[in-house]
file model.txt (compact mmCIF, C-alpha atoms)
# COMPACT_ATOMS: atom_id res chain seq x y z
CA MET D 163 12.30 -28.91 4.45
CA ASN D 164 15.46 -27.48 2.92
CA ASP D 165 16.05 -23.77 2.14
CA ARG D 166 14.99 -24.11 -1.50
CA GLU D 167 11.75 -25.85 -0.54
CA GLY D 168 11.12 -23.15 2.08
CA LEU D 169 11.55 -20.39 -0.50
CA ILE D 170 9.22 -22.16 -2.91
CA SER D 171 6.66 -22.58 -0.12
CA ILE D 172 6.84 -18.88 0.80
CA ARG D 173 6.57 -17.86 -2.86
CA ARG D 174 3.43 -20.01 -3.22
CA LEU D 175 1.96 -18.53 -0.05
CA VAL D 176 2.54 -15.00 -1.34
CA GLU D 177 1.08 -15.88 -4.76
CA GLU D 178 -1.98 -17.42 -3.10
CA MET D 179 -2.48 -14.31 -0.96
CA ASN D 180 -2.18 -12.10 -4.04
CA ARG D 181 -4.82 -14.16 -5.88
CA TYR D 182 -7.12 -13.96 -2.86
CA TYR D 183 -6.95 -10.15 -2.68
CA ASP D 184 -7.21 -9.79 -6.43
CA ALA D 185 -10.45 -11.80 -6.39
CA ARG D 186 -12.03 -9.88 -3.50
CA VAL D 187 -11.40 -6.37 -4.82
CA ILE D 188 -14.95 -6.04 -6.16
CA TRP D 189 -16.56 -6.42 -2.73
CA HIS D 190 -13.75 -5.28 -0.43
CA ASP D 191 -15.25 -1.91 0.54
CA THR D 192 -18.70 -3.36 1.22
CA TYR D 193 -17.15 -6.08 3.34
CA MET D 194 -15.15 -3.50 5.31
CA GLY D 195 -18.27 -1.37 5.78
CA TYR D 196 -16.93 1.64 3.88
CA LYS D 197 -19.78 3.54 2.26
CA SER D 198 -17.66 6.62 1.63
CA ASN D 199 -14.19 7.93 2.34
CA GLU D 200 -15.69 10.55 4.67
CA GLU D 201 -17.25 7.80 6.81
CA MET D 202 -13.97 5.93 6.88
CA GLU D 203 -12.11 9.05 7.99
CA LEU D 204 -14.61 9.65 10.80
CA LEU D 205 -14.30 6.06 11.96
CA LEU D 206 -10.49 6.12 11.84
CA CYS D 207 -9.98 9.71 12.98
CA PRO D 208 -7.72 8.82 15.95
CA VAL D 209 -5.47 6.76 13.68
CA ILE D 210 -5.29 9.52 11.07
CA GLU D 211 -4.51 12.14 13.72
CA ALA D 212 -1.61 9.96 14.94
CA PHE D 213 0.23 10.09 11.60
CA GLU D 214 -1.04 13.07 9.62
CA ALA D 215 1.66 15.47 10.84
CA ALA D 216 4.32 12.98 9.74
CA ILE D 217 3.06 12.97 6.13
CA ALA D 218 1.99 16.61 5.80
CA ASP D 219 3.43 18.03 2.57
CA LYS D 220 5.64 14.95 2.09
CA ASN D 221 6.21 12.80 -0.99
CA VAL D 222 4.68 9.53 0.20
CA LEU D 223 5.26 6.02 -1.10
CA GLU D 224 2.20 3.95 -0.26
CA ILE D 225 2.72 0.20 -0.12
CA ALA D 226 -0.19 -2.17 -0.87
CA CYS D 227 -2.76 0.57 -1.47
CA GLY D 228 -5.53 -1.94 -2.18
CA THR D 229 -8.72 -0.23 -3.30
CA GLY D 230 -7.39 3.24 -2.53
CA ASN D 231 -9.24 4.17 0.65
CA TRP D 232 -6.08 5.20 2.50
CA THR D 233 -4.75 6.76 -0.70
CA GLN D 234 -7.58 9.30 -0.48
CA VAL D 235 -6.61 10.10 3.11
CA LEU D 236 -2.96 10.52 2.15
CA ALA D 237 -3.74 12.64 -0.93
CA LYS D 238 -5.52 15.23 1.22
CA ARG D 239 -2.48 15.69 3.44
CA ALA D 240 0.65 14.85 1.43
CA HIS D 241 2.36 16.81 -1.31
CA SER D 242 2.33 13.73 -3.54
CA VAL D 243 1.53 10.03 -3.29
CA VAL D 244 2.81 7.12 -5.33
CA ALA D 245 0.40 4.31 -4.49
CA THR D 246 1.48 0.74 -5.24
CA ASP D 247 -0.18 -2.64 -5.20
CA ILE D 248 0.55 -5.96 -6.86
CA SER D 249 -3.08 -6.31 -7.92
CA ALA D 250 -3.97 -4.59 -11.19
CA ALA D 251 -7.66 -4.90 -10.26
CA ALA D 252 -7.06 -3.08 -6.96
CA ILE D 253 -5.10 -0.35 -8.74
CA GLU D 254 -7.95 0.13 -11.23
CA MET D 255 -10.47 0.59 -8.41
CA ALA D 256 -8.11 2.87 -6.50
CA GLN D 257 -7.64 5.01 -9.61
CA ARG D 258 -11.41 5.39 -9.99
CA LYS D 259 -11.70 6.54 -6.37
CA ASN D 260 -8.84 8.99 -6.74
CA GLN D 261 -9.64 10.58 -10.11
CA SER D 262 -9.87 14.05 -8.58
CA ASN D 263 -6.59 13.70 -6.67
CA ARG D 264 -4.04 15.17 -9.07
CA ASN D 265 -1.17 14.50 -6.66
CA VAL D 266 -1.50 10.68 -6.85
CA ILE D 267 0.26 8.30 -9.25
CA PHE D 268 -0.50 4.57 -9.25
CA HIS D 269 1.86 1.69 -10.03
CA VAL D 270 1.29 -2.04 -10.17
CA SER D 271 4.33 -3.07 -8.17
CA ASP D 272 5.56 -5.93 -6.02
CA ALA D 273 6.06 -4.56 -2.50
CA TYR D 274 8.91 -7.00 -1.91
CA SER D 275 11.06 -5.66 -4.73
CA LEU D 276 9.71 -2.20 -5.68
CA ASP D 277 11.94 -2.54 -8.75
CA ASP D 278 9.98 -0.05 -10.83
CA ILE D 279 9.79 2.63 -8.12
CA GLU D 280 12.42 5.36 -8.26
CA PRO D 281 13.92 6.60 -4.97
CA GLY D 282 13.23 10.07 -3.57
CA PHE D 283 10.39 9.72 -1.07
CA ASN D 284 10.51 11.36 2.34
CA ALA D 285 7.67 9.30 3.82
CA ALA D 286 6.19 5.82 3.45
CA PHE D 287 2.81 4.43 4.42
CA ALA D 288 1.41 0.91 4.58
CA ALA D 289 -1.95 0.17 6.19
CA ASP D 290 -2.73 -3.43 7.09
CA TRP D 291 0.40 -4.63 5.29
CA TRP D 292 2.87 -5.70 7.98
CA SER D 293 0.83 -8.74 9.03
CA HIS D 294 1.01 -10.09 5.47
CA ILE D 295 4.79 -10.27 5.34
CA PRO D 296 6.31 -13.71 5.96
CA LYS D 297 9.06 -13.39 8.56
CA SER D 298 11.74 -14.39 6.06
CA LYS D 299 10.72 -11.48 3.79
CA ILE D 300 10.71 -8.72 6.43
CA SER D 301 14.37 -7.79 6.11
CA PRO D 302 14.41 -7.70 2.28
CA PHE D 303 11.14 -5.72 2.27
CA VAL D 304 12.46 -3.13 4.73
CA SER D 305 15.75 -2.84 2.80
CA ASN D 306 13.95 -2.29 -0.50
CA LEU D 307 11.58 0.22 1.07
CA HIS D 308 14.43 2.16 2.70
CA ALA D 309 16.24 2.25 -0.65
CA ARG D 310 13.30 4.30 -1.99
CA LEU D 311 13.49 6.83 0.86
CA ILE D 312 15.80 9.80 1.10
CA THR D 313 18.09 10.07 4.11
CA GLY D 314 16.50 11.62 7.18

call {"tool": "encode", "arguments": {"input": "model.txt", "output": "structure tokens"}}
result
Amino acid sequence: MNDREGLISIRRLVEEMNRYYDARVIWHDTYMGYKSNEEMELLLCPVIEAFEAAIADKNVLEIACGTGNWTQVLAKRAHSVVATDISAAAIEMAQRKNQSNRNVIFHVSDAYSLDDIEPGFNAAFAADWWSHIPKSKISPFVSNLHARLITG
């Protein structure tokens, strides 16, 4: 396989993954066993405690927010959250869950480019995202993410 074929193959893999998650949005929370955000926070309390000081009062860029469960966690602790996902269906569900969170803005955005996201964040968050990144896209992803963060 040459480089061009490899890039086409990776692009197809990413597109297939995006279609998969777009189709499963409607039953994602049931599948994960989330009946409420409060139950999720109790279940994941040790994880939340490990990072909450790092995002307290920060302007957070959330990558691949999915159905917005982690967005709710972030919104309670951060100054502001810009939550992104490539799936418009996931963003719609996340918006419904976060209607009362006035410090959250949602964007349909490709995590690999983040072209429509302005820089200026002092924290970033991505739950269950790293394992989805093909190895060849790690460096460009990290570069694009870092370009949205302020120094320090």

call {"tool": "closest_residue", "arguments": {"input": "model.txt", "among": "D:Ile267, D:Ala212, D:Ala245, D:Ala251", "to": "Tyr183 in chain D", "atoms": "only C-alpha atoms"}}
result
D:Ala251

call {"tool": "atom_distance", "arguments": {"input": "model.txt", "atom1": "CA of His269 in chain D", "atom2": "CA of Thr246 in chain D"}}
result
4.9 Å

call {"tool": "atom_distance", "arguments": {"input": "model.txt", "atom1": "CA of Phe283 in chain D", "atom2": "CA of Lys220 in chain D"}}
result
7.7 Å

call {"tool": "residues_around", "arguments": {"input": "model.txt", "residues": "Gly230 in chain D", "least_positions_apart": "3", "cutoff": "10 Å", "atoms": "all atoms listed in the file", "output": "PyMOL selection string"}}
result
chain D and resi 191+199+224+226-227+233-236+245-247+252-260+268

call {"tool": "atom_distance", "arguments": {"input": "model.txt", "atom1": "CA of Ser171 in chain D", "atom2": "CA of Phe303 in chain D"}}
result
17.6 Å

call {"tool": "axis_aligned_box", "arguments": {"input": "model.txt", "around": "range 290-293 of chain D", "padding_each_side": "6 Å", "output": "AutoDock Vina command-line options"}}
result
--center_x 0.1 --center_y -6.1 --center_z 7.2 --size_x 17.6 --size_y 17.3 --size_z 15.7

call {"tool": "closest_residue", "arguments": {"input": "model.txt", "among": "D:Leu175, D:Ala237, D:Ala286, D:Gln261", "to": "Lys299 in chain D", "atoms": "only C-alpha atoms"}}
result
D:Leu175

call {"tool": "residues_around", "arguments": {"input": "model.txt", "residues": "Ile217 in chain D", "least_positions_apart": "3", "cutoff": "7 Å", "atoms": "all atoms listed in the file", "output": "MDAnalysis selection string"}}
result
chainID D and resid 213:214 220 239:240 285

call {"tool": "residues_around", "arguments": {"input": "model.txt", "residues": "Glu200 in chain D", "least_positions_apart": "2", "cutoff": "12 Å", "atoms": "only C-alpha atoms", "output": "ChimeraX atom specification"}}
result
/D:196-198,202-207,231-232,234-235,238

call {"tool": "residues_around", "arguments": {"input": "model.txt", "residues": "Leu276 in chain D", "least_positions_apart": "2", "cutoff": "9 Å", "atoms": "only C-alpha atoms", "output": "list in words"}}
result
Thr246, Ser271, Asp272, Ala273, Tyr274, Asp278, Ile279, Glu280, Phe303, Asn306, Leu307 and Arg310 of chain D

call {"tool": "write_last_selection", "arguments": {"input": "model.txt", "atoms": "C-alpha atoms", "output": "mmCIF file, in the coordinates of the input"}}
result
data_model
loop_
_atom_site.group_PDB
_atom_site.id
_atom_site.type_symbol
_atom_site.label_atom_id
_atom_site.label_comp_id
_atom_site.auth_asym_id
_atom_site.auth_seq_id
_atom_site.Cartn_x
_atom_site.Cartn_y
_atom_site.Cartn_z
ATOM 1 C CA THR D 246 1.480 0.740 -5.240
ATOM 2 C CA SER D 271 4.330 -3.070 -8.170
ATOM 3 C CA ASP D 272 5.560 -5.930 -6.020
ATOM 4 C CA ALA D 273 6.060 -4.560 -2.500
ATOM 5 C CA TYR D 274 8.910 -7.000 -1.910
ATOM 6 C CA ASP D 278 9.980 -0.050 -10.830
ATOM 7 C CA ILE D 279 9.790 2.630 -8.120
ATOM 8 C CA GLU D 280 12.420 5.360 -8.260
ATOM 9 C CA PHE D 303 11.140 -5.720 2.270
ATOM 10 C CA ASN D 306 13.950 -2.290 -0.500
ATOM 11 C CA LEU D 307 11.580 0.220 1.070
ATOM 12 C CA ARG D 310 13.300 4.300 -1.990
#

call {"tool": "decode", "arguments": {"input": "model.txt", "residues": "range 203-306 of chain D", "atoms": "C-alpha atoms", "output": "PDB file, in the first residue's frame"}}
result
ATOM      1  CA  GLU D 203     -20.679  11.319  38.648  1.00  0.00           C
ATOM      2  CA  LEU D 204     -21.016   8.924  41.591  1.00  0.00           C
ATOM      3  CA  LEU D 205     -19.746   6.036  39.500  1.00  0.00           C
ATOM      4  CA  LEU D 206     -16.801   8.035  38.127  1.00  0.00           C
ATOM      5  CA  CYS D 207     -16.043  10.071  41.254  1.00  0.00           C
ATOM      6  CA  PRO D 208     -12.377   8.960  41.510  1.00  0.00           C
ATOM      7  CA  VAL D 209     -11.776   9.956  37.885  1.00  0.00           C
ATOM      8  CA  ILE D 210     -13.466  13.331  38.350  1.00  0.00           C
ATOM      9  CA  GLU D 211     -11.485  14.006  41.533  1.00  0.00           C
ATOM     10  CA  ALA D 212      -8.258  13.324  39.607  1.00  0.00           C
ATOM     11  CA  PHE D 213      -8.830  16.169  37.129  1.00  0.00           C
ATOM     12  CA  GLU D 214     -11.303  18.626  38.631  1.00  0.00           C
ATOM     13  CA  ALA D 215      -8.650  20.903  40.150  1.00  0.00           C
ATOM     14  CA  ALA D 216      -6.974  21.158  36.738  1.00  0.00           C
ATOM     15  CA  ILE D 217     -10.148  22.521  35.097  1.00  0.00           C
ATOM     16  CA  ALA D 218     -11.534  24.609  37.968  1.00  0.00           C
ATOM     17  CA  ASP D 219     -12.468  28.050  36.645  1.00  0.00           C
ATOM     18  CA  LYS D 220     -10.726  27.354  33.313  1.00  0.00           C
ATOM     19  CA  ASN D 221     -11.940  27.901  29.752  1.00  0.00           C
ATOM     20  CA  VAL D 222     -12.135  24.296  28.573  1.00  0.00           C
ATOM     21  CA  LEU D 223     -12.135  22.951  25.031  1.00  0.00           C
ATOM     22  CA  GLU D 224     -13.859  19.569  25.074  1.00  0.00           C
ATOM     23  CA  ILE D 225     -13.019  17.244  22.203  1.00  0.00           C
ATOM     24  CA  ALA D 226     -15.557  14.621  21.053  1.00  0.00           C
ATOM     25  CA  CYS D 227     -18.213  15.505  23.636  1.00  0.00           C
ATOM     26  CA  GLY D 228     -20.596  12.839  22.361  1.00  0.00           C
ATOM     27  CA  THR D 229     -23.958  13.013  24.100  1.00  0.00           C
ATOM     28  CA  GLY D 230     -22.759  15.570  26.639  1.00  0.00           C
ATOM     29  CA  ASN D 231     -22.387  13.523  29.805  1.00  0.00           C
ATOM     30  CA  TRP D 232     -18.863  14.760  30.513  1.00  0.00           C
ATOM     31  CA  THR D 233     -19.887  18.237  29.351  1.00  0.00           C
ATOM     32  CA  GLN D 234     -22.225  18.406  32.344  1.00  0.00           C
ATOM     33  CA  VAL D 235     -19.368  17.444  34.661  1.00  0.00           C
ATOM     34  CA  LEU D 236     -17.097  20.078  33.125  1.00  0.00           C
ATOM     35  CA  ALA D 237     -19.761  22.802  33.192  1.00  0.00           C
ATOM     36  CA  LYS D 238     -20.121  22.470  36.971  1.00  0.00           C
ATOM     37  CA  ARG D 239     -16.410  23.063  37.507  1.00  0.00           C
ATOM     38  CA  ALA D 240     -15.068  25.163  34.629  1.00  0.00           C
ATOM     39  CA  HIS D 241     -15.544  28.846  33.893  1.00  0.00           C
ATOM     40  CA  SER D 242     -16.633  27.998  30.348  1.00  0.00           C
ATOM     41  CA  VAL D 243     -16.782  24.975  28.043  1.00  0.00           C
ATOM     42  CA  VAL D 244     -16.729  24.787  24.273  1.00  0.00           C
ATOM     43  CA  ALA D 245     -17.871  21.249  23.536  1.00  0.00           C
ATOM     44  CA  THR D 246     -17.144  19.813  20.094  1.00  0.00           C
ATOM     45  CA  ASP D 247     -18.125  16.693  18.212  1.00  0.00           C
ATOM     46  CA  ILE D 248     -18.237  15.751  14.548  1.00  0.00           C
ATOM     47  CA  SER D 249     -21.724  14.288  14.968  1.00  0.00           C
ATOM     48  CA  ALA D 250     -24.554  16.805  14.666  1.00  0.00           C
ATOM     49  CA  ALA D 251     -26.894  14.244  16.278  1.00  0.00           C
ATOM     50  CA  ALA D 252     -24.592  13.945  19.302  1.00  0.00           C
ATOM     51  CA  ILE D 253     -24.360  17.730  19.598  1.00  0.00           C
ATOM     52  CA  GLU D 254     -28.169  18.008  19.530  1.00  0.00           C
ATOM     53  CA  MET D 255     -28.501  15.502  22.382  1.00  0.00           C
ATOM     54  CA  ALA D 256     -25.689  17.153  24.327  1.00  0.00           C
ATOM     55  CA  GLN D 257     -27.393  20.537  23.951  1.00  0.00           C
ATOM     56  CA  ARG D 258     -30.642  19.122  25.338  1.00  0.00           C
ATOM     57  CA  LYS D 259     -28.800  17.754  28.380  1.00  0.00           C
ATOM     58  CA  ASN D 260     -26.979  21.020  28.964  1.00  0.00           C
ATOM     59  CA  GLN D 261     -29.788  23.548  28.474  1.00  0.00           C
ATOM     60  CA  SER D 262     -29.371  24.909  31.994  1.00  0.00           C
ATOM     61  CA  ASN D 263     -25.589  25.261  31.676  1.00  0.00           C
ATOM     62  CA  ARG D 264     -25.152  28.838  30.471  1.00  0.00           C
ATOM     63  CA  ASN D 265     -21.362  28.481  30.356  1.00  0.00           C
ATOM     64  CA  VAL D 266     -21.391  25.870  27.546  1.00  0.00           C
ATOM     65  CA  ILE D 267     -21.225  26.470  23.791  1.00  0.00           C
ATOM     66  CA  PHE D 268     -21.485  23.596  21.309  1.00  0.00           C
ATOM     67  CA  HIS D 269     -19.822  23.271  17.906  1.00  0.00           C
ATOM     68  CA  VAL D 270     -20.013  20.567  15.276  1.00  0.00           C
ATOM     69  CA  SER D 271     -16.300  20.289  14.590  1.00  0.00           C
ATOM     70  CA  ASP D 272     -13.770  17.802  13.285  1.00  0.00           C
ATOM     71  CA  ALA D 273     -11.368  17.027  16.143  1.00  0.00           C
ATOM     72  CA  TYR D 274      -8.536  16.493  13.681  1.00  0.00           C
ATOM     73  CA  SER D 275      -8.665  20.013  12.285  1.00  0.00           C
ATOM     74  CA  LEU D 276     -10.617  22.185  14.764  1.00  0.00           C
ATOM     75  CA  ASP D 277     -10.681  24.755  11.952  1.00  0.00           C
ATOM     76  CA  ASP D 278     -13.712  26.590  13.288  1.00  0.00           C
ATOM     77  CA  ILE D 279     -12.474  26.797  16.889  1.00  0.00           C
ATOM     78  CA  GLU D 280     -10.726  30.012  17.888  1.00  0.00           C
ATOM     79  CA  PRO D 281      -7.669  29.783  20.169  1.00  0.00           C
ATOM     80  CA  GLY D 282      -7.687  30.990  23.774  1.00  0.00           C
ATOM     81  CA  PHE D 283      -8.393  27.961  25.965  1.00  0.00           C
ATOM     82  CA  ASN D 284      -6.389  27.237  29.090  1.00  0.00           C
ATOM     83  CA  ALA D 285      -7.557  23.625  29.433  1.00  0.00           C
ATOM     84  CA  ALA D 286      -8.629  20.769  27.178  1.00  0.00           C
ATOM     85  CA  PHE D 287     -10.594  17.621  27.903  1.00  0.00           C
ATOM     86  CA  ALA D 288     -11.283  14.481  25.896  1.00  0.00           C
ATOM     87  CA  ALA D 289     -12.904  11.419  27.468  1.00  0.00           C
ATOM     88  CA  ASP D 290     -12.652   8.124  25.607  1.00  0.00           C
ATOM     89  CA  TRP D 291     -11.143   9.867  22.582  1.00  0.00           C
ATOM     90  CA  TRP D 292      -7.469   8.904  22.473  1.00  0.00           C
ATOM     91  CA  SER D 293      -8.169   5.267  21.556  1.00  0.00           C
ATOM     92  CA  HIS D 294     -10.054   6.419  18.448  1.00  0.00           C
ATOM     93  CA  ILE D 295      -7.124   8.256  16.903  1.00  0.00           C
ATOM     94  CA  PRO D 296      -5.227   6.367  14.187  1.00  0.00           C
ATOM     95  CA  LYS D 297      -1.506   6.521  14.947  1.00  0.00           C
ATOM     96  CA  SER D 298      -0.804   8.558  11.827  1.00  0.00           C
ATOM     97  CA  LYS D 299      -3.244  11.248  13.020  1.00  0.00           C
ATOM     98  CA  ILE D 300      -1.917  11.636  16.581  1.00  0.00           C
ATOM     99  CA  SER D 301       0.703  14.263  15.786  1.00  0.00           C
ATOM    100  CA  PRO D 302      -1.592  16.455  13.632  1.00  0.00           C
ATOM    101  CA  PHE D 303      -4.359  16.154  16.240  1.00  0.00           C
ATOM    102  CA  VAL D 304      -2.070  17.190  19.096  1.00  0.00           C
ATOM    103  CA  SER D 305      -0.657  20.082  17.039  1.00  0.00           C
ATOM    104  CA  ASN D 306      -4.127  21.381  16.176  1.00  0.00           C
TER     105      ASN D 306
END
